[in-house]
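File shown: protein37.pdb (PDB, C-alpha atoms and all ligand atoms).
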ATOM      1  CA  MET E   1      37.182  54.544  12.827  1.00  0.00           C
ATOM      2  CA  SER E   2      33.723  55.521  14.086  1.00  0.00           C
ATOM      3  CA  GLU E   3      30.757  56.385  11.872  1.00  0.00           C
ATOM      4  CA  ARG E   4      30.050  60.036  11.245  1.00  0.00           C
ATOM      5  CA  GLY E   5      27.125  61.243  13.355  1.00  0.00           C
ATOM      6  CA  LEU E   6      23.545  61.509  12.141  1.00  0.00           C
ATOM      7  CA  LEU E   7      21.663  64.788  11.911  1.00  0.00           C
ATOM      8  CA  ILE E   8      18.000  64.853  12.885  1.00  0.00           C
ATOM      9  CA  ILE E   9      16.196  68.096  12.174  1.00  0.00           C
ATOM     10  CA  VAL E  10      12.902  68.764  13.928  1.00  0.00           C
ATOM     11  CA  SER E  11      10.459  71.523  12.964  1.00  0.00           C
ATOM     12  CA  ALA E  12       6.926  72.328  14.110  1.00  0.00           C
ATOM     13  CA  PRO E  13       4.512  75.233  14.396  1.00  0.00           C
ATOM     14  CA  SER E  14       5.132  77.131  17.621  1.00  0.00           C
ATOM     15  CA  GLY E  15       3.151  75.606  20.510  1.00  0.00           C
ATOM     16  CA  THR E  16       2.964  72.069  19.076  1.00  0.00           C
ATOM     17  CA  GLY E  17       5.081  70.586  21.863  1.00  0.00           C
ATOM     18  CA  LYS E  18       8.385  70.310  20.024  1.00  0.00           C
ATOM     19  CA  THR E  19      10.530  71.475  22.953  1.00  0.00           C
ATOM     20  CA  THR E  20       8.817  69.036  25.327  1.00  0.00           C
ATOM     21  CA  ILE E  21       9.223  66.092  22.935  1.00  0.00           C
ATOM     22  CA  CYS E  22      12.830  66.877  21.984  1.00  0.00           C
ATOM     23  CA  ARG E  23      13.907  67.167  25.625  1.00  0.00           C
ATOM     24  CA  LYS E  24      12.448  63.756  26.422  1.00  0.00           C
ATOM     25  CA  VAL E  25      14.037  62.116  23.385  1.00  0.00           C
ATOM     26  CA  LEU E  26      17.420  63.685  24.174  1.00  0.00           C
ATOM     27  CA  LYS E  27      17.215  62.431  27.744  1.00  0.00           C
ATOM     28  CA  ALA E  28      16.483  58.901  26.553  1.00  0.00           C
ATOM     29  CA  CYS E  29      19.198  58.828  23.865  1.00  0.00           C
ATOM     30  CA  PRO E  30      22.678  59.497  25.275  1.00  0.00           C
ATOM     31  CA  ARG E  31      24.435  59.485  21.876  1.00  0.00           C
ATOM     32  CA  LEU E  32      22.162  62.245  20.652  1.00  0.00           C
ATOM     33  CA  GLU E  33      23.235  65.831  21.416  1.00  0.00           C
ATOM     34  CA  PHE E  34      21.230  69.008  21.050  1.00  0.00           C
ATOM     35  CA  SER E  35      22.517  71.676  18.670  1.00  0.00           C
ATOM     36  CA  VAL E  36      22.391  74.815  20.790  1.00  0.00           C
ATOM     37  CA  SER E  37      21.436  77.676  18.479  1.00  0.00           C
ATOM     38  CA  TYR E  38      22.436  81.304  18.810  1.00  0.00           C
ATOM     39  CA  THR E  39      19.635  83.835  19.204  1.00  0.00           C
ATOM     40  CA  THR E  40      19.017  87.489  19.908  1.00  0.00           C
ATOM     41  CA  ARG E  41      15.704  86.784  21.645  1.00  0.00           C
ATOM     42  CA  LYS E  42      15.531  87.232  25.401  1.00  0.00           C
ATOM     43  CA  PRO E  43      15.619  84.109  27.601  1.00  0.00           C
ATOM     44  CA  ARG E  44      12.240  82.842  28.826  1.00  0.00           C
ATOM     45  CA  PRO E  45      11.691  81.785  32.422  1.00  0.00           C
ATOM     46  CA  GLY E  46      13.554  78.524  33.028  1.00  0.00           C
ATOM     47  CA  GLU E  47      15.769  78.798  29.948  1.00  0.00           C
ATOM     48  CA  VAL E  48      19.498  78.451  30.543  1.00  0.00           C
ATOM     49  CA  ASP E  49      22.196  80.188  28.482  1.00  0.00           C
ATOM     50  CA  GLY E  50      24.364  77.585  26.737  1.00  0.00           C
ATOM     51  CA  ARG E  51      21.795  74.807  27.241  1.00  0.00           C
ATOM     52  CA  ASP E  52      18.651  76.067  25.479  1.00  0.00           C
ATOM     53  CA  TYR E  53      20.295  78.784  23.382  1.00  0.00           C
ATOM     54  CA  HIS E  54      23.395  80.925  23.321  1.00  0.00           C
ATOM     55  CA  PHE E  55      21.702  84.256  24.047  1.00  0.00           C
ATOM     56  CA  ILE E  56      23.655  87.044  22.361  1.00  0.00           C
ATOM     57  CA  SER E  57      23.117  90.660  21.281  1.00  0.00           C
ATOM     58  CA  GLU E  58      22.099  91.640  17.749  1.00  0.00           C
ATOM     59  CA  GLU E  59      25.503  93.281  17.347  1.00  0.00           C
ATOM     60  CA  GLU E  60      27.308  90.068  18.208  1.00  0.00           C
ATOM     61  CA  PHE E  61      24.978  88.037  15.981  1.00  0.00           C
ATOM     62  CA  LYS E  62      25.729  90.302  12.999  1.00  0.00           C
ATOM     63  CA  ALA E  63      29.470  90.067  13.671  1.00  0.00           C
ATOM     64  CA  ARG E  64      29.177  86.265  13.621  1.00  0.00           C
ATOM     65  CA  ILE E  65      27.270  86.426  10.309  1.00  0.00           C
ATOM     66  CA  GLU E  66      30.126  88.537   8.891  1.00  0.00           C
ATOM     67  CA  LYS E  67      32.650  85.919   9.993  1.00  0.00           C
ATOM     68  CA  GLY E  68      30.605  83.216   8.256  1.00  0.00           C
ATOM     69  CA  GLU E  69      30.092  81.268  11.482  1.00  0.00           C
ATOM     70  CA  PHE E  70      26.534  80.164  10.777  1.00  0.00           C
ATOM     71  CA  VAL E  71      25.713  77.210   8.564  1.00  0.00           C
ATOM     72  CA  GLU E  72      22.213  78.719   8.463  1.00  0.00           C
ATOM     73  CA  TRP E  73      20.503  81.679  10.072  1.00  0.00           C
ATOM     74  CA  VAL E  74      17.109  83.396   9.848  1.00  0.00           C
ATOM     75  CA  VAL E  75      15.136  86.306  11.206  1.00  0.00           C
ATOM     76  CA  ASN E  76      12.051  84.894  12.885  1.00  0.00           C
ATOM     77  CA  TYR E  77       9.499  86.790  15.007  1.00  0.00           C
ATOM     78  CA  ASP E  78      11.827  89.868  14.819  1.00  0.00           C
ATOM     79  CA  ASN E  79      14.717  87.925  16.325  1.00  0.00           C
ATOM     80  CA  TYR E  80      17.806  86.313  14.807  1.00  0.00           C
ATOM     81  CA  TYR E  81      18.353  82.568  15.113  1.00  0.00           C
ATOM     82  CA  GLY E  82      21.346  80.617  13.775  1.00  0.00           C
ATOM     83  CA  THR E  83      23.254  77.337  13.877  1.00  0.00           C
ATOM     84  CA  SER E  84      27.032  77.422  14.296  1.00  0.00           C
ATOM     85  CA  GLY E  85      28.725  75.400  11.549  1.00  0.00           C
ATOM     86  CA  VAL E  86      31.838  74.842  13.696  1.00  0.00           C
ATOM     87  CA  ASP E  87      29.848  73.464  16.664  1.00  0.00           C
ATOM     88  CA  LEU E  88      27.874  71.183  14.359  1.00  0.00           C
ATOM     89  CA  GLU E  89      30.940  69.781  12.547  1.00  0.00           C
ATOM     90  CA  GLU E  90      32.775  69.266  15.820  1.00  0.00           C
ATOM     91  CA  LYS E  91      29.918  67.088  17.133  1.00  0.00           C
ATOM     92  CA  LEU E  92      29.553  65.113  13.903  1.00  0.00           C
ATOM     93  CA  LYS E  93      33.302  64.455  13.676  1.00  0.00           C
ATOM     94  CA  ARG E  94      33.233  63.071  17.220  1.00  0.00           C
ATOM     95  CA  GLY E  95      30.646  60.586  15.895  1.00  0.00           C
ATOM     96  CA  ARG E  96      27.868  62.239  17.883  1.00  0.00           C
ATOM     97  CA  ASP E  97      24.326  62.356  16.541  1.00  0.00           C
ATOM     98  CA  VAL E  98      22.853  65.843  16.594  1.00  0.00           C
ATOM     99  CA  MET E  99      19.292  67.088  16.970  1.00  0.00           C
ATOM    100  CA  LEU E 100      18.438  70.505  15.519  1.00  0.00           C
ATOM    101  CA  ASP E 101      15.282  72.331  16.567  1.00  0.00           C
ATOM    102  CA  ILE E 102      14.964  74.803  13.700  1.00  0.00           C
ATOM    103  CA  GLU E 103      12.281  76.181  11.404  1.00  0.00           C
ATOM    104  CA  PHE E 104      11.619  75.444   7.722  1.00  0.00           C
ATOM    105  CA  ARG E 105      14.011  77.908   6.036  1.00  0.00           C
ATOM    106  CA  GLY E 106      16.854  76.754   8.263  1.00  0.00           C
ATOM    107  CA  ALA E 107      15.984  73.113   7.588  1.00  0.00           C
ATOM    108  CA  GLN E 108      16.171  73.752   3.832  1.00  0.00           C
ATOM    109  CA  ALA E 109      19.617  75.341   4.175  1.00  0.00           C
ATOM    110  CA  ILE E 110      20.831  72.389   6.266  1.00  0.00           C
ATOM    111  CA  LYS E 111      19.572  69.955   3.616  1.00  0.00           C
ATOM    112  CA  GLU E 112      21.769  71.643   0.986  1.00  0.00           C
ATOM    113  CA  ARG E 113      24.868  70.953   3.070  1.00  0.00           C
ATOM    114  CA  TYR E 114      23.799  67.682   4.707  1.00  0.00           C
ATOM    115  CA  GLN E 115      21.730  65.664   2.222  1.00  0.00           C
ATOM    116  CA  ASP E 116      21.631  62.624   4.504  1.00  0.00           C
ATOM    117  CA  GLY E 117      19.991  64.534   7.360  1.00  0.00           C
ATOM    118  CA  VAL E 118      16.653  63.242   8.656  1.00  0.00           C
ATOM    119  CA  PHE E 119      13.880  65.841   8.515  1.00  0.00           C
ATOM    120  CA  VAL E 120      10.931  65.512  10.867  1.00  0.00           C
ATOM    121  CA  TYR E 121       7.848  67.685  11.198  1.00  0.00           C
ATOM    122  CA  ILE E 122       5.682  67.620  14.305  1.00  0.00           C
ATOM    123  CA  LEU E 123       1.983  68.448  14.077  1.00  0.00           C
ATOM    124  CA  PRO E 124      -0.611  69.066  16.795  1.00  0.00           C
ATOM    125  CA  PRO E 125      -3.737  66.839  16.745  1.00  0.00           C
ATOM    126  CA  ASP E 126      -5.772  69.860  15.590  1.00  0.00           C
ATOM    127  CA  LEU E 127      -5.593  73.653  15.468  1.00  0.00           C
ATOM    128  CA  THR E 128      -7.886  74.289  18.451  1.00  0.00           C
ATOM    129  CA  GLU E 129      -5.459  72.274  20.570  1.00  0.00           C
ATOM    130  CA  LEU E 130      -2.541  74.215  19.067  1.00  0.00           C
ATOM    131  CA  LYS E 131      -4.124  77.452  20.268  1.00  0.00           C
ATOM    132  CA  ASN E 132      -4.662  75.939  23.744  1.00  0.00           C
ATOM    133  CA  ARG E 133      -1.028  74.878  23.946  1.00  0.00           C
ATOM    134  CA  LEU E 134       0.223  78.276  22.796  1.00  0.00           C
ATOM    135  CA  GLY E 135      -1.718  79.747  25.715  1.00  0.00           C
ATOM    136  CA  LYS E 136      -0.453  77.086  28.141  1.00  0.00           C
ATOM    137  CA  ARG E 137       3.158  78.116  27.555  1.00  0.00           C
ATOM    138  CA  GLY E 138       2.270  81.148  29.626  1.00  0.00           C
ATOM    139  CA  PHE E 139       4.912  83.626  28.525  1.00  0.00           C
ATOM    140  CA  GLU E 140       3.125  85.492  25.715  1.00  0.00           C
ATOM    141  CA  SER E 141       0.326  88.042  25.490  1.00  0.00           C
ATOM    142  CA  PRO E 142      -2.924  87.141  23.629  1.00  0.00           C
ATOM    143  CA  MET E 143      -1.746  89.397  20.775  1.00  0.00           C
ATOM    144  CA  VAL E 144       1.547  87.528  20.372  1.00  0.00           C
ATOM    145  CA  ILE E 145      -0.296  84.185  20.646  1.00  0.00           C
ATOM    146  CA  GLU E 146      -2.569  85.274  17.785  1.00  0.00           C
ATOM    147  CA  LYS E 147       0.496  86.228  15.731  1.00  0.00           C
ATOM    148  CA  ARG E 148       2.164  82.856  16.415  1.00  0.00           C
ATOM    149  CA  PHE E 149      -1.065  81.044  15.557  1.00  0.00           C
ATOM    150  CA  ASN E 150      -1.387  82.844  12.212  1.00  0.00           C
ATOM    151  CA  GLN E 151       2.239  82.137  11.391  1.00  0.00           C
ATOM    152  CA  ALA E 152       1.617  78.466  12.277  1.00  0.00           C
ATOM    153  CA  LEU E 153      -1.161  78.327   9.680  1.00  0.00           C
ATOM    154  CA  GLU E 154       1.250  79.607   7.021  1.00  0.00           C
ATOM    155  CA  GLU E 155       4.046  77.276   8.103  1.00  0.00           C
ATOM    156  CA  ILE E 156       2.006  74.092   7.981  1.00  0.00           C
ATOM    157  CA  ALA E 157       2.159  74.080   4.156  1.00  0.00           C
ATOM    158  CA  SER E 158       5.872  73.202   4.459  1.00  0.00           C
ATOM    159  CA  ILE E 159       4.957  69.788   5.844  1.00  0.00           C
ATOM    160  CA  PHE E 160       5.165  68.115   2.420  1.00  0.00           C
ATOM    161  CA  TRP E 161       8.878  68.838   2.247  1.00  0.00           C
ATOM    162  CA  TYR E 162       9.742  66.692   5.296  1.00  0.00           C
ATOM    163  CA  ASP E 163      10.692  62.972   5.445  1.00  0.00           C
ATOM    164  CA  TYR E 164       8.653  62.096   8.541  1.00  0.00           C
ATOM    165  CA  VAL E 165       5.613  63.462  10.356  1.00  0.00           C
ATOM    166  CA  VAL E 166       4.829  62.945  14.028  1.00  0.00           C
ATOM    167  CA  PHE E 167       1.408  63.848  15.420  1.00  0.00           C
ATOM    168  CA  ASN E 168       1.720  65.083  18.984  1.00  0.00           C
ATOM    169  CA  ASP E 169      -1.610  63.940  20.340  1.00  0.00           C
ATOM    170  CA  LYS E 170      -0.536  61.792  23.300  1.00  0.00           C
ATOM    171  CA  LEU E 171       2.850  63.064  24.419  1.00  0.00           C
ATOM    172  CA  GLU E 172       4.433  59.700  25.255  1.00  0.00           C
ATOM    173  CA  GLU E 173       3.382  58.241  21.890  1.00  0.00           C
ATOM    174  CA  ALA E 174       4.929  61.181  20.053  1.00  0.00           C
ATOM    175  CA  VAL E 175       8.158  60.747  22.045  1.00  0.00           C
ATOM    176  CA  GLU E 176       8.254  57.032  21.203  1.00  0.00           C
ATOM    177  CA  THR E 177       7.619  57.753  17.523  1.00  0.00           C
ATOM    178  CA  LEU E 178      10.457  60.276  17.291  1.00  0.00           C
ATOM    179  CA  LYS E 179      12.773  57.847  19.081  1.00  0.00           C
ATOM    180  CA  ALA E 180      11.730  55.083  16.658  1.00  0.00           C
ATOM    181  CA  ILE E 181      12.547  57.296  13.658  1.00  0.00           C
ATOM    182  CA  TYR E 182      15.989  57.998  15.123  1.00  0.00           C
ATOM    183  CA  VAL E 183      16.707  54.334  15.896  1.00  0.00           C
ATOM    184  CA  ALA E 184      15.528  53.144  12.472  1.00  0.00           C
ATOM    185  CA  GLU E 185      17.644  55.765  10.691  1.00  0.00           C
ATOM    186  CA  LYS E 186      20.699  54.704  12.713  1.00  0.00           C
ATOM    187  CA  SER E 187      20.228  51.195  11.329  1.00  0.00           C
ATOM    188  CA  ARG E 188      20.349  52.183   7.669  1.00  0.00           C
ATOM    189  CA  ARG E 189      23.008  50.114   5.955  1.00  0.00           C
ATOM    190  CA  SER E 190      24.458  53.214   4.315  1.00  0.00           C
ATOM    191  CA  ARG E 191      25.176  54.677   7.760  1.00  0.00           C
ATOM    192  CA  LEU E 192      26.903  51.504   8.971  1.00  0.00           C
ATOM    193  CA  GLU E 193      29.473  51.027   6.185  1.00  0.00           C
ATOM    194  CA  HIS E 194      32.523  51.366   8.493  1.00  0.00           C
ATOM    195  CA  ARG E 195      31.147  48.973  11.046  1.00  0.00           C
ATOM    196  CA  ILE E 196      30.220  46.397   8.425  1.00  0.00           C
ATOM    197  CA  LYS E 197      33.706  46.622   6.845  1.00  0.00           C
ATOM    198  CA  GLU E 198      35.364  46.259  10.243  1.00  0.00           C
ATOM    199  CA  PHE E 199      33.169  43.271  11.036  1.00  0.00           C
ATOM    200  CA  LEU E 200      34.058  41.529   7.759  1.00  0.00           C
ATOM    201  CA  ALA E 201      37.785  42.313   8.017  1.00  0.00           C
ATOM    202  CA  ARG E 202      37.962  41.062  11.607  1.00  0.00           C
ATOM    203  CA  GLU E 203      36.158  37.843  10.865  1.00  0.00           C
ATOM    204  CA  LYS E 204      38.264  37.247   7.735  1.00  0.00           C
ATOM    205  CA  GLU E 205      41.401  37.628   9.838  1.00  0.00           C
ATOM    206  CA  ARG E 206      40.040  35.072  12.266  1.00  0.00           C
ATOM    207  CA  LYS E 207      39.352  32.875   9.241  1.00  0.00           C
ATOM    208  CA  LEU E 208      35.731  32.624  10.271  1.00  0.00           C
ATOM    209  CA  PHE E 209      34.454  34.165   7.082  1.00  0.00           C
TER
HETATM  210  P1  LIG R 301       6.846  74.284  21.287  1.00  0.00           P
HETATM  211  O1  LIG R 301       8.280  74.050  21.679  1.00  0.00           O
HETATM  212  O2  LIG R 301       6.450  73.487  20.093  1.00  0.00           O
HETATM  213  O3  LIG R 301       6.476  75.726  21.165  1.00  0.00           O
HETATM  214  P2  LIG R 301       6.194  73.349  23.986  1.00  0.00           P
HETATM  215  O4  LIG R 301       7.004  72.114  24.116  1.00  0.00           O
HETATM  216  O5  LIG R 301       6.640  74.562  24.716  1.00  0.00           O
HETATM  217  O6  LIG R 301       5.915  73.704  22.452  1.00  0.00           O
HETATM  218  O7  LIG R 301       4.697  72.949  24.423  1.00  0.00           O
HETATM  219  C1  LIG R 301       3.635  73.893  24.454  1.00  0.00           C
HETATM  220  C2  LIG R 301       2.671  73.525  25.600  1.00  0.00           C
HETATM  221  O8  LIG R 301       1.958  72.336  25.258  1.00  0.00           O
HETATM  222  C3  LIG R 301       3.400  73.227  26.916  1.00  0.00           C
HETATM  223  O9  LIG R 301       2.597  73.734  27.982  1.00  0.00           O
HETATM  224  C4  LIG R 301       3.463  71.707  26.957  1.00  0.00           C
HETATM  225  O10 LIG R 301       3.506  71.197  28.269  1.00  0.00           O
HETATM  226  C5  LIG R 301       2.139  71.334  26.274  1.00  0.00           C
HETATM  227  N1  LIG R 301       2.175  70.030  25.577  1.00  0.00           N
HETATM  228  C6  LIG R 301       3.156  69.499  24.810  1.00  0.00           C
HETATM  229  N2  LIG R 301       2.804  68.304  24.297  1.00  0.00           N
HETATM  230  C7  LIG R 301       1.544  68.060  24.750  1.00  0.00           C
HETATM  231  C8  LIG R 301       0.614  66.970  24.577  1.00  0.00           C
HETATM  232  N3  LIG R 301       0.897  65.920  23.840  1.00  0.00           N
HETATM  233  N4  LIG R 301      -0.595  67.073  25.190  1.00  0.00           N
HETATM  234  C9  LIG R 301      -0.900  68.152  25.936  1.00  0.00           C
HETATM  235  N5  LIG R 301      -0.076  69.216  26.142  1.00  0.00           N
HETATM  236  C10 LIG R 301       1.133  69.176  25.559  1.00  0.00           C
HETATM  237  P1  LIG R 302      11.543  79.949  20.012  1.00  0.00           P
HETATM  238  O1  LIG R 302      11.804  81.408  20.074  1.00  0.00           O
HETATM  239  O2  LIG R 302      10.089  79.600  20.285  1.00  0.00           O
HETATM  240  O3  LIG R 302      12.519  79.148  20.865  1.00  0.00           O
HETATM  241  O4  LIG R 302      11.826  79.479  18.519  1.00  0.00           O
HETATM  242  C1  LIG R 302      11.143  80.052  17.450  1.00  0.00           C
HETATM  243  C2  LIG R 302      11.410  79.263  16.192  1.00  0.00           C
HETATM  244  O5  LIG R 302      12.786  79.408  15.811  1.00  0.00           O
HETATM  245  C3  LIG R 302      11.159  77.766  16.317  1.00  0.00           C
HETATM  246  O6  LIG R 302      10.472  77.344  15.145  1.00  0.00           O
HETATM  247  C4  LIG R 302      12.542  77.155  16.343  1.00  0.00           C
HETATM  248  O7  LIG R 302      12.567  75.850  15.802  1.00  0.00           O
HETATM  249  C5  LIG R 302      13.301  78.131  15.461  1.00  0.00           C
HETATM  250  N1  LIG R 302      14.750  78.112  15.680  1.00  0.00           N
HETATM  251  C6  LIG R 302      15.434  77.982  16.836  1.00  0.00           C
HETATM  252  N2  LIG R 302      16.754  77.997  16.610  1.00  0.00           N
HETATM  253  C7  LIG R 302      16.924  78.132  15.283  1.00  0.00           C
HETATM  254  C8  LIG R 302      18.088  78.208  14.419  1.00  0.00           C
HETATM  255  O8  LIG R 302      19.234  78.150  14.831  1.00  0.00           O
HETATM  256  N3  LIG R 302      17.846  78.352  13.100  1.00  0.00           N
HETATM  257  C9  LIG R 302      16.590  78.420  12.582  1.00  0.00           C
HETATM  258  N4  LIG R 302      16.473  78.528  11.272  1.00  0.00           N
HETATM  259  N5  LIG R 302      15.489  78.363  13.345  1.00  0.00           N
HETATM  260  C10 LIG R 302      15.656  78.218  14.678  1.00  0.00           C
END
Please re-express this file's structure in structure tokens.
Amino acid sequence: MSERGLLIIVSAPSGTGKTTICRKVLKACPRLEFSVSYTTRKPRPGEVDGRDYHFISEEEFKARIEKGEFVEWVVNYDNYYGTSGVDLEEKLKRGRDVMLDIEFRGAQAIKERYQDGVFVYILPPDLTELKNRLGKRGFESPMVIEKRFNQALEEIASIFWYDYVVFNDKLEEAVETLKAIYVAEKSRRSRLEHRIKEFLAREKERKLF
């Protein structure tokens, strides 16, 4: 019997570099799968339906809320965002580890259901750099960037709720730090109970223990 998968939840103020970091970590860790959220926001250039998000209409999103499909959902920046409970459970049951890129309220809801999740907050080196990066993304007007920046200032207070903090100063260092958190959490004894039992039973049978 394989271990149940691990959940790693990553939050950050918009523009910090969370998408960039998560993509690199996912690429480097084949057992780790991305939880593709549902959203009513429009796709940005380069985003692929089913890979980055499931892009759906508000009508469809509300119908899915009615059916109780989301383990958590929020309205953020005038759009709906939600995590499918069925998709998540299916991955965990297969023994897959799952990365969720969600904001604070969603992370809190996930914690209620999955107490052993690992909660990580990513911070920019400073707020001037955050503003630069928001601009660098290139798909928002100065007014929207200002709005995102102000929301970021409010959101940063949630940092004290998280288990781990990663500063995204040098990108490669931040990627390595997030990977290290994941690898260390995978090695917790409490997550390896099945494997330890199997090891002991096998070696007892071989009369080596
Ligand atoms: P988020 O998903 O947090 O909104 P993105 O991953 O889209 O942020 O990154 C925002 C911008 O900052 C992008 O142009 C990205 O290339 C850039 N970026 C990310 N990390 C760094 C870093 N460590 N140093 C400099 N620029 C970065
Ligand atoms: P963006 O529109 O920039 O992709 O995402 C905006 C914010 O919504 C980010 O903070 C992102 O982490 C969050 N988000 C994306 N998907 C979900 C989700 O399914 N649930 C919640 N609660 N937040 C999400």
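Shortest atom-to-atom contact with Ile21 (chain E) among E:Glu3, E:Asp169, E:Glu154, E:Glu112: E:Asp169, counting all atoms listed in the file.
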>> Taking only C-alpha atoms and all ligand atoms and a cut-off of 9 Å, can you tell me which residues surround ligand LIG 302 (chain R), written as a PyMOL selection string?
In response: chain E and resi 10-15+18-19+35-39+41-44+52-53+70+72-77+79-84+100-109
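Nearest residue to ligand LIG 301 (chain R) among E:Ile56, E:Ala63, E:Ile122, E:Val48 is E:Ile122, counting all atoms listed in the file.
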How close does chain E get to ligand LIG 301 (chain R)? List, as CSV, each residue of chain E within 12 Å, its nearest atom pair and the distance in Å to one decimal, counting only C-alpha atoms and all ligand atoms.
residue,atom,partner,partner_atom,distance
E:Val10,CA,R:LIG301,O2,10.1
E:Ser11,CA,R:LIG301,O2,8.4
E:Ala12,CA,R:LIG301,O2,6.1
E:Pro13,CA,R:LIG301,O2,6.3
E:Ser14,CA,R:LIG301,O3,4.0
E:Gly15,CA,R:LIG301,O3,3.4
E:Thr16,CA,R:LIG301,O2,3.9
E:Gly17,CA,R:LIG301,O6,3.3
E:Lys18,CA,R:LIG301,O2,3.7
E:Thr19,CA,R:LIG301,O1,3.6
E:Thr20,CA,R:LIG301,O4,3.8
E:Ile21,CA,R:LIG301,O4,6.5
E:Cys22,CA,R:LIG301,O4,8.1
E:Arg23,CA,R:LIG301,O4,8.6
E:Lys24,CA,R:LIG301,O4,10.2
E:Arg44,CA,R:LIG301,O5,10.8
E:Pro45,CA,R:LIG301,O5,11.7
E:Gly46,CA,R:LIG301,O5,11.5
E:Glu47,CA,R:LIG301,O5,11.3
E:Asp52,CA,R:LIG301,O1,11.2
E:Asp101,CA,R:LIG301,O1,8.8
E:Ile102,CA,R:LIG301,O1,10.4
E:Glu103,CA,R:LIG301,O2,10.8
E:Tyr121,CA,R:LIG301,O2,10.7
E:Ile122,CA,R:LIG301,O2,8.3
E:Leu123,CA,R:LIG301,O2,9.0
E:Pro124,CA,R:LIG301,N3,7.9
E:Pro125,CA,R:LIG301,N3,8.5
E:Asp126,CA,R:LIG301,N4,11.3
E:Thr128,CA,R:LIG301,C9,11.9
E:Glu129,CA,R:LIG301,C9,8.2
E:Leu130,CA,R:LIG301,O8,7.9
E:Lys131,CA,R:LIG301,O8,9.4
E:Asn132,CA,R:LIG301,O8,7.7
E:Arg133,CA,R:LIG301,O8,4.1
E:Leu134,CA,R:LIG301,C1,5.8
E:Gly135,CA,R:LIG301,C2,7.6
E:Lys136,CA,R:LIG301,O9,4.5
E:Arg137,CA,R:LIG301,O9,4.4
E:Gly138,CA,R:LIG301,O9,7.6
E:Phe139,CA,R:LIG301,O5,10.0
E:Glu140,CA,R:LIG301,O3,11.3
E:Ile145,CA,R:LIG301,O3,10.8
E:Arg148,CA,R:LIG301,O3,9.6
E:Phe149,CA,R:LIG301,O3,10.8
E:Ala152,CA,R:LIG301,O2,10.5
E:Val166,CA,R:LIG301,N3,11.0
E:Phe167,CA,R:LIG301,N3,8.7
E:Asn168,CA,R:LIG301,N3,5.0
E:Asp169,CA,R:LIG301,N3,4.7
E:Lys170,CA,R:LIG301,N3,4.4
E:Leu171,CA,R:LIG301,N3,3.5
E:Glu172,CA,R:LIG301,N3,7.3
E:Glu173,CA,R:LIG301,N3,8.3
E:Ala174,CA,R:LIG301,N3,7.3
E:Val175,CA,R:LIG301,N3,9.1
E:Glu176,CA,R:LIG301,N3,11.8
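Between CA of Glu69 (chain E) and CA of Lys111 (chain E) the interatomic distance comes to 17.3 Å.
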> region 89-94 of chain E: which residues within 10 Å, counting all atoms listed in the file, same-chain residues fewer than 6 positions away excluded, as a PyMOL selection string?
Replying inline: chain E and resi 2-7+32-35+71
>> What's the separation between CA of Leu127 (chain E) and CA of Ile9 (chain E), in Å to one decimal place?
In response: 22.7 Å
> Do you have the CA of Ile181 (chain E)-CA of Val86 (chain E) distance handy?
Replying inline: 26.1 Å
> Given the file above and the PyMOL selection byres (((chain E and resi 116) around 10) and not hetatm), which residues are selected, and can you give them as a list in words?
Replying inline: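 With the shown file as input, the PyMOL selection byres (((chain E and resi 116) around 10) and not hetatm) matches Leu6, Leu7, Ile8, Ile110, Lys111, Glu112, Arg113, Tyr114, Gln115, Gly117, Val118, Phe119, Ser190 and Arg191 of chain E.
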Output C-alpha atoms for every residue in the selection just made, as a compact mmCIF listing (two decimals), keeping the file's coordinate frame.
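Saved result, result.txt, follows:
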# COMPACT_ATOMS: atom_id res chain seq x y z
CA LEU E 6 23.54 61.51 12.14
CA LEU E 7 21.66 64.79 11.91
CA ILE E 8 18.00 64.85 12.88
CA ILE E 110 20.83 72.39 6.27
CA LYS E 111 19.57 69.96 3.62
CA GLU E 112 21.77 71.64 0.99
CA ARG E 113 24.87 70.95 3.07
CA TYR E 114 23.80 67.68 4.71
CA GLN E 115 21.73 65.66 2.22
CA GLY E 117 19.99 64.53 7.36
CA VAL E 118 16.65 63.24 8.66
CA PHE E 119 13.88 65.84 8.52
CA SER E 190 24.46 53.21 4.32
CA ARG E 191 25.18 54.68 7.76
